[in-house]
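Peer 1: My structure is in start.cif, and what it holds is mmCIF, C-alpha atoms and all ligand atoms:
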```cif
data_entry
#
loop_
_atom_site.label_atom_id
_atom_site.label_comp_id
_atom_site.auth_asym_id
_atom_site.auth_seq_id
_atom_site.Cartn_x
_atom_site.Cartn_y
_atom_site.Cartn_z
CA MET B 3 -6.13 13.33 6.72
CA ARG B 4 -4.21 13.56 9.95
CA GLY B 5 -7.36 13.42 12.10
CA ALA B 6 -8.77 10.49 10.15
CA VAL B 7 -5.59 8.49 10.52
CA THR B 8 -5.27 9.27 14.22
CA SER B 9 -8.81 8.21 15.05
CA THR B 10 -8.41 5.02 13.03
CA THR B 11 -5.18 4.02 14.72
CA SER B 12 -6.48 4.76 18.20
CA ARG B 13 -9.60 2.67 17.50
CA LEU B 14 -7.40 -0.21 16.38
CA ALA B 15 -5.17 0.13 19.40
CA ASP B 16 -8.17 0.24 21.72
CA ALA B 17 -9.66 -2.84 20.11
CA GLY B 18 -6.36 -4.70 20.24
CA LEU B 19 -6.62 -5.61 16.55
CA PRO B 20 -3.54 -6.84 14.65
CA GLY B 21 -3.32 -3.43 12.94
CA ALA B 22 -2.16 -1.94 16.24
CA ARG B 23 1.19 -3.67 15.69
CA ALA B 24 1.68 -1.48 12.63
CA LEU B 25 1.83 1.53 14.96
CA GLY B 26 5.39 0.39 15.64
CA ALA B 27 7.55 1.09 18.67
CA THR B 28 6.31 2.50 21.97
CA LEU B 29 7.29 6.03 22.96
CA ASP B 30 9.71 4.55 25.50
CA GLN B 31 11.42 2.42 22.84
CA ILE B 32 11.70 5.46 20.56
CA ALA B 33 12.97 7.68 23.38
CA ALA B 34 15.74 5.17 24.11
CA GLU B 35 16.93 5.35 20.50
CA VAL B 36 16.88 9.15 20.16
CA ALA B 37 18.22 9.92 23.66
CA GLY B 38 20.95 12.55 23.63
CA SER B 39 20.24 13.82 20.10
CA ARG B 40 21.43 17.40 19.64
CA PHE B 41 18.28 18.05 17.59
CA LEU B 42 15.75 17.22 20.31
CA VAL B 43 13.77 20.08 21.79
CA GLY B 44 12.34 18.50 24.91
CA ASP B 45 11.33 15.07 23.64
CA ARG B 46 10.40 16.18 20.12
CA PHE B 47 12.20 17.00 16.87
CA VAL B 48 11.39 20.35 15.26
CA ASN B 49 11.84 21.91 11.84
CA ALA B 50 14.46 24.62 11.41
CA ASP B 51 11.77 26.42 9.35
CA PRO B 52 8.57 26.00 11.35
CA ALA B 53 5.42 25.41 9.33
CA SER B 54 3.02 28.33 9.18
CA PRO B 55 -0.41 27.72 10.71
CA MET B 56 -2.96 25.93 8.54
CA SER B 57 -4.99 28.31 6.42
CA GLY B 58 -8.36 27.71 4.79
CA ASN B 59 -11.26 25.56 5.82
CA PRO B 60 -10.44 21.96 6.87
CA ALA B 61 -14.12 20.94 6.70
CA ALA B 62 -14.33 22.07 3.08
CA ALA B 63 -11.09 20.19 2.39
CA LEU B 64 -12.56 16.98 3.76
CA GLY B 65 -15.57 17.45 1.50
CA ASP B 66 -13.23 17.93 -1.46
CA MET B 67 -11.33 14.76 -0.54
CA LEU B 68 -14.55 12.75 -0.32
CA ARG B 69 -15.48 13.89 -3.83
CA ARG B 70 -12.22 12.23 -4.90
CA PRO B 71 -10.90 14.64 -7.52
CA GLY B 72 -7.53 12.88 -7.37
CA ARG B 73 -8.41 9.71 -9.25
CA PRO B 74 -7.11 8.96 -12.75
CA THR B 75 -9.63 9.10 -15.61
CA ARG B 76 -8.29 5.87 -17.11
CA ARG B 77 -6.30 2.86 -16.01
CA ILE B 78 -2.71 3.88 -15.27
CA MET B 79 0.01 2.46 -17.50
CA VAL B 80 2.23 0.07 -15.49
CA SER B 81 5.37 -1.70 -16.75
CA THR B 82 6.82 -4.87 -15.29
CA PRO B 83 10.52 -4.23 -14.60
CA ASP B 84 12.82 -7.13 -15.55
CA PHE B 85 15.82 -6.30 -13.31
CA ILE B 86 18.15 -8.23 -15.63
CA GLY B 87 21.83 -7.43 -15.45
CA GLY B 88 24.11 -6.09 -12.75
CA ALA B 89 23.59 -2.93 -10.73
CA ARG B 90 24.40 0.14 -12.81
CA ASP B 91 26.42 3.32 -12.26
CA LEU B 92 23.37 5.62 -12.03
CA ALA B 93 19.83 4.46 -12.74
CA VAL B 94 16.34 4.58 -11.28
CA THR B 95 13.23 2.40 -11.45
CA TRP B 96 10.10 4.09 -10.07
CA LEU B 97 7.76 1.58 -8.41
CA GLY B 98 5.11 4.12 -7.32
CA HIS B 99 4.77 6.87 -4.69
CA ALA B 100 8.11 7.21 -2.85
CA THR B 101 9.22 3.65 -3.63
CA ALA B 102 12.10 3.53 -6.12
CA LEU B 103 15.03 1.28 -6.87
CA VAL B 104 18.05 3.55 -7.25
CA GLU B 105 21.39 2.26 -8.52
CA VAL B 106 24.47 4.29 -7.58
CA ASP B 107 27.96 3.04 -8.47
CA GLY B 108 26.81 -0.57 -8.52
CA VAL B 109 24.87 -0.37 -5.23
CA ARG B 110 21.12 -1.06 -5.20
CA ILE B 111 19.06 1.14 -2.89
CA LEU B 112 15.32 0.69 -2.35
CA THR B 113 13.62 3.85 -1.04
CA ASP B 114 10.57 3.97 1.27
CA PRO B 115 9.18 0.56 0.23
CA VAL B 116 5.37 0.35 0.26
CA PHE B 117 4.14 -2.81 -1.48
CA SER B 118 0.83 -2.99 0.43
CA ARG B 119 -2.52 -2.08 -1.08
CA ARG B 120 -3.15 0.69 1.44
CA CYS B 121 -0.84 3.15 3.22
CA SER B 122 -2.54 2.78 6.59
CA PRO B 123 -2.26 0.82 9.82
CA SER B 124 -5.11 -1.30 8.48
CA GLN B 125 -5.61 -2.99 5.11
CA LEU B 126 -9.37 -2.40 5.54
CA VAL B 127 -9.38 1.39 5.63
CA GLY B 128 -7.10 4.21 4.50
CA PRO B 129 -5.82 5.43 1.12
CA ALA B 130 -5.69 2.56 -1.40
CA ARG B 131 -3.28 2.45 -4.32
CA MET B 132 -4.58 3.59 -7.72
CA HIS B 133 -2.31 1.29 -9.72
CA PRO B 134 -1.00 -2.20 -8.93
CA MET B 135 2.56 -2.53 -7.70
CA PRO B 136 4.73 -3.17 -10.79
CA CYS B 137 6.40 -6.15 -9.09
CA ASP B 138 6.32 -8.20 -5.90
CA ILE B 139 8.93 -8.08 -3.16
CA ASP B 140 10.19 -11.51 -4.29
CA ASP B 141 10.80 -10.18 -7.83
CA LEU B 142 13.38 -7.63 -6.65
CA PRO B 143 17.08 -8.12 -7.45
CA PRO B 144 19.53 -8.26 -4.51
CA ILE B 145 19.09 -5.03 -2.53
CA ASP B 146 22.05 -3.57 -0.65
CA VAL B 147 20.26 -0.82 1.28
CA VAL B 148 16.63 -0.13 2.18
CA LEU B 149 16.53 3.64 2.72
CA ILE B 150 13.73 5.13 4.85
CA SER B 151 12.89 8.86 5.02
CA HIS B 152 10.40 8.93 7.92
CA ASP B 153 7.76 6.89 9.68
CA HIS B 154 4.50 8.02 8.03
CA TYR B 155 2.46 5.13 6.65
CA ASP B 156 2.98 6.03 2.99
CA HIS B 157 6.77 5.72 3.54
CA LEU B 158 7.20 3.07 6.22
CA ASP B 159 5.00 0.01 5.71
CA MET B 160 5.30 -2.78 8.26
CA ALA B 161 4.38 -5.61 5.88
CA SER B 162 6.90 -4.42 3.27
CA VAL B 163 9.71 -4.01 5.79
CA VAL B 164 9.08 -7.45 7.30
CA GLY B 165 8.80 -9.02 3.84
CA LEU B 166 12.05 -7.42 2.69
CA SER B 167 13.87 -8.53 5.81
CA ARG B 168 12.84 -12.13 5.02
CA SER B 169 13.55 -12.08 1.28
CA GLN B 170 16.68 -9.88 1.43
CA PRO B 171 18.55 -10.97 4.57
CA ALA B 172 21.71 -9.18 3.41
CA ALA B 173 19.98 -5.80 2.99
CA VAL B 174 20.85 -3.03 5.47
CA PHE B 175 17.98 -0.81 6.64
CA VAL B 176 19.20 2.79 6.84
CA CYS B 177 16.89 5.26 8.60
CA PRO B 178 16.78 8.44 10.67
CA ILE B 179 17.05 8.00 14.44
CA GLY B 180 13.85 6.87 16.12
CA VAL B 181 12.64 5.01 13.04
CA GLY B 182 14.98 2.13 13.88
CA ALA B 183 12.89 1.50 17.01
CA HIS B 184 9.88 0.69 14.79
CA LEU B 185 11.95 -1.80 12.78
CA ARG B 186 13.19 -3.55 15.91
CA ALA B 187 9.62 -3.69 17.24
CA TRP B 188 8.71 -5.58 14.05
CA GLY B 189 11.50 -8.10 14.52
CA ILE B 190 14.11 -6.76 12.11
CA PRO B 191 17.52 -7.91 13.45
CA ALA B 192 19.37 -5.07 15.18
CA GLU B 193 22.51 -5.80 13.14
CA SER B 194 20.56 -5.04 9.93
CA ILE B 195 19.50 -1.55 11.10
CA ARG B 196 21.71 1.54 10.84
CA THR B 197 20.49 4.96 12.00
CA ALA B 198 21.84 8.50 11.82
CA GLN B 199 20.69 12.01 12.63
CA TRP B 200 20.81 15.09 10.40
CA HIS B 201 24.28 15.70 8.91
CA ASP B 202 25.79 12.56 10.45
CA GLU B 203 26.17 9.57 8.14
CA VAL B 204 25.79 5.84 7.70
CA VAL B 205 28.52 4.19 5.61
CA VAL B 206 27.68 0.95 3.81
CA GLY B 207 30.55 -0.41 1.76
CA ALA B 208 31.90 2.54 -0.23
CA THR B 209 28.63 4.52 -0.13
CA ARG B 210 27.84 7.30 2.37
CA PHE B 211 24.24 7.98 3.32
CA VAL B 212 23.72 11.42 4.90
CA PRO B 213 20.30 12.38 6.29
CA VAL B 214 19.53 16.07 5.93
CA PRO B 215 16.69 18.11 7.44
CA ALA B 216 13.44 17.89 5.51
CA ARG B 217 10.62 20.29 6.40
CA HIS B 218 7.99 17.85 7.54
CA PHE B 219 6.91 15.91 10.65
CA SER B 220 6.55 12.34 11.82
CA GLY B 221 4.33 9.94 13.72
CA ARG B 222 2.28 6.78 13.25
CA GLY B 223 -0.30 7.21 16.03
CA LEU B 224 -1.30 9.82 18.53
CA ASP B 225 2.27 10.92 19.17
CA ARG B 226 4.00 13.30 16.82
CA ASP B 227 7.60 14.23 16.03
CA SER B 228 9.25 11.76 18.41
CA THR B 229 11.16 10.18 15.49
CA MET B 230 13.35 12.08 13.02
CA TRP B 231 12.34 12.80 9.39
CA ALA B 232 14.88 13.37 6.63
CA GLY B 233 15.90 13.56 3.02
CA TRP B 234 18.97 11.52 2.07
CA ALA B 235 22.15 12.41 0.22
CA VAL B 236 23.52 9.19 -1.32
CA LEU B 237 27.23 9.69 -1.96
CA GLY B 238 28.87 6.97 -4.01
CA PRO B 239 32.55 6.94 -4.99
CA ARG B 240 31.70 8.45 -8.40
CA HIS B 241 28.03 9.52 -8.42
CA ARG B 242 25.66 11.35 -6.10
CA ALA B 243 21.89 11.00 -5.82
CA TYR B 244 19.37 12.77 -3.60
CA PHE B 245 16.12 11.32 -2.22
CA SER B 246 13.79 13.99 -0.82
CA GLY B 247 11.36 11.95 1.26
CA ASP B 248 8.56 14.39 2.14
CA THR B 249 9.30 18.07 2.53
CA GLY B 250 7.98 21.56 2.30
CA PHE B 251 10.11 24.24 0.68
CA SER B 252 13.15 25.55 2.52
CA GLU B 253 16.06 27.75 1.55
CA SER B 254 18.22 25.24 3.46
CA TYR B 255 18.44 23.08 0.31
CA ASP B 256 20.97 25.59 -0.96
CA ASP B 257 23.22 24.55 1.94
CA VAL B 258 22.54 20.86 1.23
CA GLY B 259 23.61 21.36 -2.39
CA ALA B 260 26.76 23.17 -1.27
CA ALA B 261 27.68 20.61 1.38
CA TYR B 262 26.89 17.34 -0.40
CA GLY B 263 26.21 18.16 -4.05
CA PRO B 264 26.14 18.65 -6.86
CA PHE B 265 23.91 15.61 -7.36
CA GLN B 266 23.59 14.01 -10.80
CA LEU B 267 20.18 12.53 -9.97
CA THR B 268 17.43 13.81 -7.68
CA LEU B 269 14.20 12.10 -6.68
CA VAL B 270 11.96 14.89 -5.40
CA ALA B 271 8.35 14.66 -4.20
CA ILE B 272 5.94 16.60 -6.42
CA GLY B 273 2.47 15.47 -5.20
CA ALA B 274 0.17 15.65 -2.15
CA TYR B 275 0.64 19.43 -1.95
CA ASP B 276 -2.31 21.50 -0.85
CA PRO B 277 -2.94 25.16 0.01
CA LEU B 278 -4.06 23.88 3.42
CA TRP B 279 -0.57 22.52 4.22
CA PRO B 280 1.82 24.64 2.09
CA ASP B 281 4.89 24.00 4.25
CA ILE B 282 4.60 20.21 4.56
CA HIS B 283 4.66 19.17 0.88
CA VAL B 284 6.23 21.12 -2.00
CA ASN B 285 4.34 21.73 -5.21
CA PRO B 286 5.97 20.87 -8.57
CA GLU B 287 7.48 24.33 -9.08
CA GLU B 288 9.03 24.28 -5.61
CA ALA B 289 10.36 20.76 -6.30
CA LEU B 290 12.16 22.17 -9.36
CA THR B 291 13.65 24.97 -7.28
CA ILE B 292 14.94 22.42 -4.74
CA HIS B 293 16.42 20.38 -7.61
CA ARG B 294 18.22 23.49 -8.89
CA MET B 295 19.61 24.19 -5.41
CA LEU B 296 20.82 20.58 -5.06
CA THR B 297 22.41 20.38 -8.50
CA ARG B 298 23.90 23.90 -8.67
CA GLY B 299 23.68 24.56 -12.36
CA THR B 300 25.05 21.19 -13.41
CA ASP B 301 23.42 18.95 -15.99
CA ALA B 302 21.36 16.71 -13.71
CA LEU B 303 18.17 14.70 -13.92
CA LEU B 304 15.03 15.12 -11.82
CA VAL B 305 12.78 12.07 -11.44
CA PRO B 306 9.55 12.99 -9.62
CA ILE B 307 8.17 10.80 -6.83
CA HIS B 308 5.26 10.95 -4.37
CA TRP B 309 2.48 11.36 -6.90
CA GLY B 310 0.14 9.15 -8.95
CA THR B 311 -0.13 6.18 -6.57
CA PHE B 312 -2.08 7.31 -3.49
CA ASN B 313 -4.67 10.09 -3.41
CA LEU B 314 -3.57 12.22 -0.45
CA ALA B 315 -4.56 15.79 -1.37
CA ARG B 316 -7.10 17.76 -3.41
CA HIS B 317 -5.23 18.25 -6.68
CA THR B 318 -6.29 16.19 -9.70
CA TRP B 319 -4.40 12.99 -10.52
CA GLY B 320 -2.36 14.43 -13.39
CA GLU B 321 -1.78 17.95 -12.11
CA PRO B 322 1.65 17.29 -10.49
CA ALA B 323 3.03 15.82 -13.73
CA ALA B 324 1.46 18.53 -15.90
CA ARG B 325 2.79 21.39 -13.76
CA LEU B 326 6.23 19.79 -13.51
CA SER B 327 6.45 19.23 -17.27
CA HIS B 328 5.47 22.81 -17.97
CA ALA B 329 7.76 24.42 -15.40
CA ALA B 330 10.74 22.22 -16.36
CA GLN B 331 10.77 23.85 -19.78
CA GLY B 332 12.20 26.92 -18.07
CA SER B 333 11.36 30.57 -18.51
CA PRO B 334 13.24 33.79 -19.15
CA GLY B 335 15.99 33.73 -16.55
CA GLN B 336 15.34 30.10 -15.58
CA ALA B 337 17.20 27.37 -17.47
CA PRO B 338 15.18 24.29 -18.40
CA VAL B 339 15.54 21.22 -16.17
CA ASP B 340 16.06 17.71 -17.51
CA ILE B 341 13.23 15.53 -16.19
CA VAL B 342 11.99 11.99 -16.79
CA ILE B 343 8.53 11.01 -15.51
CA PRO B 344 8.53 7.20 -15.43
CA GLN B 345 5.35 5.17 -15.48
CA PRO B 346 5.10 2.82 -12.47
CA GLY B 347 7.75 0.18 -13.19
CA GLY B 348 9.52 2.38 -15.74
CA GLU B 349 13.33 2.54 -15.49
CA PHE B 350 15.94 4.95 -16.75
CA ASP B 351 19.72 4.71 -17.04
CA VAL B 352 20.93 8.22 -16.24
CA ILE B 353 24.37 7.66 -17.81
CA GLY B 354 23.19 6.05 -21.05
CA ARG B 355 19.97 8.17 -21.19
CA THR B 356 17.96 5.08 -22.15
CA GLY B 357 15.18 3.09 -20.53
CA THR B 358 11.57 1.95 -20.56
CA ALA B 359 10.63 5.21 -18.82
CA ILE B 360 10.98 7.18 -22.07
CA VAL B 361 9.33 4.74 -24.48
CA ALA B 362 5.97 6.49 -23.98
CA PRO B 363 6.90 9.76 -22.25
CA ASP B 364 3.33 11.11 -22.43
CA TRP B 365 1.84 8.00 -20.79
CA TRP B 366 0.40 10.02 -17.88
CA LYS B 367 -1.62 12.30 -20.17
CA GLU B 368 -3.81 9.29 -21.08
CA SER B 369 -4.99 9.03 -17.46
CA ALA B 370 -4.99 12.71 -16.51
ZN ZN Z 1 4.33 11.07 2.06
#
```
Would you kindly transcribe this structure into structure tokens?
Peer 2:
Amino acid sequence: MRGAVTSTTSRLADAGLPGARALGATLDQIAAEVAGSRFLVGDRFVNADPASPMSGNPAAALGDMLRRPGRPTRRIMVSTPDFIGGARDLAVTWLGHATALVEVDGVRILTDPVFSRRCSPSQLVGPARMHPMPCDIDDLPPIDVVLISHDHYDHLDMASVVGLSRSQPAAVFVCPIGVGAHLRAWGIPAESIRTAQWHDEVVVGATRFVPVPARHFSGRGLDRDSTMWAGWAVLGPRHRAYFSGDTGFSESYDDVGAAYGPFQLTLVAIGAYDPLWPDIHVNPEEALTIHRMLTRGTDALLVPIHWGTFNLARHTWGEPAARLSHAAQGSPGQAPVDIVIPQPGGEFDVIGRTGTAIVAPDWWKESA
């Protein structure tokens, strides 16, 4: 996938097509934003747990991808969210992939918004969505914070960011350092952008947003790891939620749970894992382990993200949900974990334990 994206973006840049703008900031603009970071090694960010070398046969993997095992067998159930009423104490609406509307103590947070048809620098090539977006940008209720995990195309979409900036002028864009340079390059007003590095924080109103190290990488073009990648601890006055972004497994989540938890709600990526890149994306069982580390034995809810919308690995469409559902039931020595798997557009009130997400809890089995 990486090679395909890189060659596409460089072709666009060479041709001077509009898609080149989606590449974002120049290396100089990024360097100015990250200058002096205590996490830079040279001019790059690095994982505390380095990824092990790729194993297996990349050529065979490409063949597997082209055979498209990751498509749903039937049309995916999608619900249109109504967004009626005020922001709640703890609730989540999953809009597909890593895009979710999270409500924490009356604050509305939109994570990694991707409303475009493709997660790519071009709307002509690249992974296309397998279900329509449950709503348009203009249908969203007032958003307080747009929260970005990292600058990969399936998490940071230029058209969505620009559209949100126009339709939600009061929203604050909160992102790891380096990513802010992309937003400024796209014309987002500097006063609407707040950045932080791992373990520092951005405070918006009464809510603290703390980026923590994810085990991943970054980059939108030929360069790599010049911007920071992160998961986010969202610390409201009364409730705490965690948004994983993209990550491989790391024991460091135990420290995150100790420092910022326990969280009552976690949104953890469960899809796009592959034996070829075991340390870049967790599988469903590892996602559950991370949830346990973050919630420390408390009664908390896991809502899976990063699956079902874009086909980015070789697993089948329904495998992440099936493996998560099975593993969440627990085993001897492992307590069960409370999960809700919303359909795109499905919402769930974590306090009241109600919502459209549990009207047809087995919805995904129809398309698996
Ligand atoms: Zn991703």
Peer 1: Please return, as a count of residues only, all polymer residues that have at least one atom within 12 Å of the point (5.9, 5.5, -24.2); use only C-alpha atoms and the file's own coordinate frame.
Peer 2: 21
Peer 1: Rank B:Arg325, B:His201, B:His293, B:Arg240 by their smallest atom-to-atom distance to B:Asp91, using all atoms listed in the file, and report the top residue only.
Peer 2: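 Smallest separation from B:Asp91 among the options: B:Arg240.
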Peer 1: Which residues are close to B:Ala235, i.e. within 7 Å by only C-alpha atoms, leaving aside same-chain residues fewer than 3 positions away? Reply as a list of chain:residue names.
Peer 2: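 Here the answer would be B:Phe211, B:Val212, B:Pro213, B:Ala243, B:Tyr244, B:Phe245, B:Tyr262.
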Peer 1: Pick out the residues no farther than 9 Å from ligand ZN 1 (chain Z), counting only C-alpha atoms and all ligand atoms, and list them as a PyMOL selection string.
Peer 2: chain B and resi 99-100+152+154-157+247-249+271+273-274+283+308+314
Peer 1: Rank B:Ala33, B:Val339, B:Cys137, B:Val284 by their smallest atom-to-atom distance to B:Thr82, using only C-alpha atoms, and report the top residue only.
Peer 2: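 Counting only C-alpha atoms, the residue closest to B:Thr82 is B:Cys137.
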Peer 1: How far is it from atom CA of B:Ile282 to atom CA of B:His218, in Å with one decimal?
Peer 2: 5.1 Å
Peer 1: Measuring between only C-alpha atoms, which one of B:Gln331, B:Thr311, B:Asn285, B:Ser252 shows the shortest distance to B:Pro52?
Peer 2: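 With only C-alpha atoms as the atom set, the closest residue is B:Ser252.
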Peer 1: What would the list of residues within 8 Å of (5.8, 1.0, 2.9) (file frame) look like as number ranges by chain, if all atoms listed in the file are what count?
Peer 2: B: 101, 114-118, 121, 155-163
Peer 1: Those residues you just picked out, can you put them in a file as a PDB file, in the coordinates of the input with C-alpha atoms?
Peer 2:
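See result.pdb below for the written result:
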```pdb
ATOM      1  CA  THR B 101       9.220   3.650  -3.630  1.00  0.00           C
ATOM      2  CA  ASP B 114      10.570   3.970   1.270  1.00  0.00           C
ATOM      3  CA  PRO B 115       9.180   0.560   0.230  1.00  0.00           C
ATOM      4  CA  VAL B 116       5.370   0.350   0.260  1.00  0.00           C
ATOM      5  CA  PHE B 117       4.140  -2.810  -1.480  1.00  0.00           C
ATOM      6  CA  SER B 118       0.830  -2.990   0.430  1.00  0.00           C
ATOM      7  CA  CYS B 121      -0.840   3.150   3.220  1.00  0.00           C
ATOM      8  CA  TYR B 155       2.460   5.130   6.650  1.00  0.00           C
ATOM      9  CA  ASP B 156       2.980   6.030   2.990  1.00  0.00           C
ATOM     10  CA  HIS B 157       6.770   5.720   3.540  1.00  0.00           C
ATOM     11  CA  LEU B 158       7.200   3.070   6.220  1.00  0.00           C
ATOM     12  CA  ASP B 159       5.000   0.010   5.710  1.00  0.00           C
ATOM     13  CA  MET B 160       5.300  -2.780   8.260  1.00  0.00           C
ATOM     14  CA  ALA B 161       4.380  -5.610   5.880  1.00  0.00           C
ATOM     15  CA  SER B 162       6.900  -4.420   3.270  1.00  0.00           C
ATOM     16  CA  VAL B 163       9.710  -4.010   5.790  1.00  0.00           C
TER      17      VAL B 163
END
```
Peer 1: May I ask for the distance between atom CA of B:Trp309 and atom CA of B:Pro74, given in Å to one decimal place?
Peer 2: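 Value for the atom CA of B:Trp309-atom CA of B:Pro74 distance: 11.5 Å.
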Peer 1: Using all atoms listed in the file, pick whichever of B:Gln199, B:Ser167, B:Ser124, B:Thr300 has the shortest atom-to-atom distance to B:Arg186.
Peer 2: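 So, comparing all the options, the nearest one is B:Ser167.
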Peer 1: Using all atoms listed in the file, pick whichever of B:Ile139, B:Ala102, B:Val206, B:Ala330 has the shortest atom-to-atom distance to B:Ser246.
Peer 2: B:Ala102
